[in-house]
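**Q** Sharing a structure, written as structure tokens. Questions coming.
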Amino acid sequence: MNQIFEDTSTAFKLKSDSELERAYFLFKLIANQPLVKIGTAVTNFAINAHLPVEGLIRATVFDHFCGGVNEQDCLPIIEKMYEEKVSSILDYSVEGKHVENQLDSALAKVLEVLDFVKEKDAIPFAVFKPSAFGRFELFEKMSSKRAFTQLEREEWDRVVHRYDKVCKKAYDLDVALLIDAEESWIQDAADQLAHDMMRKYNKRKAVVFNTAQMYRWDRLVYLEKLCKEANKMNFKIGIKVVRGAYMEKENDRADDKAYKSPICISKVATDDNFDTAITYMLDNMDVFTIFSGTHNEQSCYKLMEAMKTREIPNNSDRIWFGQLYGMSDHISFNLAANGYNVSKYLPYGPVRDVMPYLIRRAEENTSVAGQTTRELELLKKERARRKI
């Protein structure tokens with residue numbers, strides 16, 4: 001297959017020379033693990049001590065990885081990317097809260113975003129995270145099938161109500177809704193809620209999407225069971241398939257509590273698991289709609305090749321590719337230029353509140369050395385092309 005991801009002029013078309021230089025500078029920093037640790041500690045200290053660092057953060061790491069502080073602030077980026085046929089997914093990246101009024105505020109924000117999304121062709125999906133609608137500990141207790149107290153049962157009913165309210169609105173507006181994944185020890189409860197919503201609102205097509213993290217060795221069996229359930233109960237399945245986001249935390253917990261880690265034994269096993277899941281869903285396209293969330297070039301090429309073999313058009317509304325804003329532009333923009341459906345996850349929110357997300361992004365990039373190296377290689381190639 002034509003190696004389209006080498007085209008840096010398309011990949012970085014929207015970046016000015018100064019933005020290209022900033023990206024190169026940031027990824028050079030991220031490639032240095034000790035520097036990331038020091039920078040993280042200093043940033044956390046500055047934020048907690050209420051030092052005036054927001055302007056510096058906004059001008060560097062925030063503007064590279066985030067769309068803005070609110071929906072309106074994100075619009076110029078959304079519109080600019082859409083001119084190049086790359087859609088956006090607004091992701092309010094403020095960390096989950098624990099008290100009821102904050103959980104209700106999270107619900108109100110997602111409902112507000114759904115209205116915003118409905119008016120914008122450039123934003124085909126809305127998204128929320130399960131722990132934004134309920135306490136982490138409550139999800140954990142439900143997942144472990146421990147009995148609730150009466151107060152906890154009432155609290156869980158409010159979580160179900162939040163889920164239903166947002167999924168119903170997505171259905172009424174005909175807006176696809178992605179539900180992000182959580183840690184394995186609370187995911188069972190999140191899965192069950194997602195399945196209940198799929199059965200209710202995915203009768204004609206996939207409106208509600210759950211997320212499968214394929215670094216878990218049990219997720220292929222999960223997809224097979226879900227497919228049987230959908231065929232039996234007559235509903236459609238939306239799945240965002242990703243590699244996963246909590247590997248170190250998962251392995252550490254498994255060690256601490258002496259149980260088998262839910263994570264695949266190697267990266268090769270994870271890659272195989274991801275690609276096998278995509279193939280399985282393609283083989284059952286009467287049921288599945290696929291959102292392939294990946295920064296892995298080979299997985300993208302394999303899906304493109306599989307679509308070609310099966311004579312699925314590049315722009316089929318049943319298959320989407322997705323990457324994070326600020327990363328893998330060589331994948332996103334070259335896929336879009338070749339007619340595939342592509343969306344960038346566009347995090348946004350107040351600078352101070354989004355810092356935990358940004359710190360996690362830097363740490364994840366540091367731990368995936370190959371990805372950071374690839375970003376630098378492409379940025380360097382484009383700098384040379386532009387003679388910067």
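Here's how to read the names in the structure tokens: chain A, B, ... by the order shown, residue numbers from 1 in each chain, ligand numbers from 1 in the order shown.
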So that I can check the surroundings of A:Leu223, please list as a VMD selection string every protein, DNA and RNA residue that reaches within 12 Å of it, counting only C-alpha atoms and ignoring chain neighbours fewer than 3 positions away.
**A** chain A and resid 191 195 210 to 214 216 to 220 226 to 230 237 to 241 273 to 274 276 to 281 284 287 to 288 290
**Q** Skipping near chain neighbours, those fewer than 6 positions away, what residues fall within 9 Å of stretch 246-256 of chain A using only C-alpha atoms, listed as a list in words?
**A**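 Here the qualifying residues turn out to be Glu182, Glu183, Ser184, Trp185, Tyr215, Pro262 and Ile263 of chain A.
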**Q** With only C-alpha atoms as the counted atoms, please give the residues lying no more than 10 Å from A:Ser93, apart from itself and same-chain residues fewer than 5 positions off, as a PyMOL selection string.
**A** chain A and resi 66+128-129+346-350+353-358
**Q** Using DSSP secondary structure from the backbone, list all strand (DSSP E or B) positions within stretch 126-217 of chain A, as a list in words.
**A**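 Answer for stretch 126-217 of chain A, restricted to strand (DSSP E or B): Ala126, Val127, Phe128, Ala176, Leu177, Leu178, Ile179, Val208, Phe209, Asn210, Thr211, Ala212, Gln213 and Arg216 of chain A.
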**Q** Would you output that residue set with C-alpha atoms, as a short mmCIF file (atom, residue, chain, number, x, y, z; two decimals), in the first residue's frame?
**A**
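Heads up, here's the output in part-v6.cif:
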```cif
data_model
loop_
_atom_site.label_atom_id
_atom_site.label_comp_id
_atom_site.auth_asym_id
_atom_site.auth_seq_id
_atom_site.Cartn_x
_atom_site.Cartn_y
_atom_site.Cartn_z
CA ALA A 126 -19.80 13.96 21.60
CA VAL A 127 -17.94 12.17 24.42
CA PHE A 128 -18.02 11.60 28.15
CA ALA A 176 -23.12 9.81 17.97
CA LEU A 177 -21.90 9.57 21.57
CA LEU A 178 -18.57 8.02 22.61
CA ILE A 179 -18.20 6.66 26.16
CA VAL A 208 -23.99 5.02 21.72
CA PHE A 209 -20.37 3.81 21.46
CA ASN A 210 -18.48 1.96 24.17
CA THR A 211 -14.65 1.82 24.28
CA ALA A 212 -12.59 -1.39 24.18
CA GLN A 213 -9.00 -1.13 25.40
CA ARG A 216 -6.49 -6.10 27.85
#
```
**Q** From the options A:Ser144, A:Val221, A:Asn338, A:Leu138, which residue's atoms come nearest to A:Asp157, counting only C-alpha atoms?
**A**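 Closest to A:Asp157, using only C-alpha atoms: A:Leu138.
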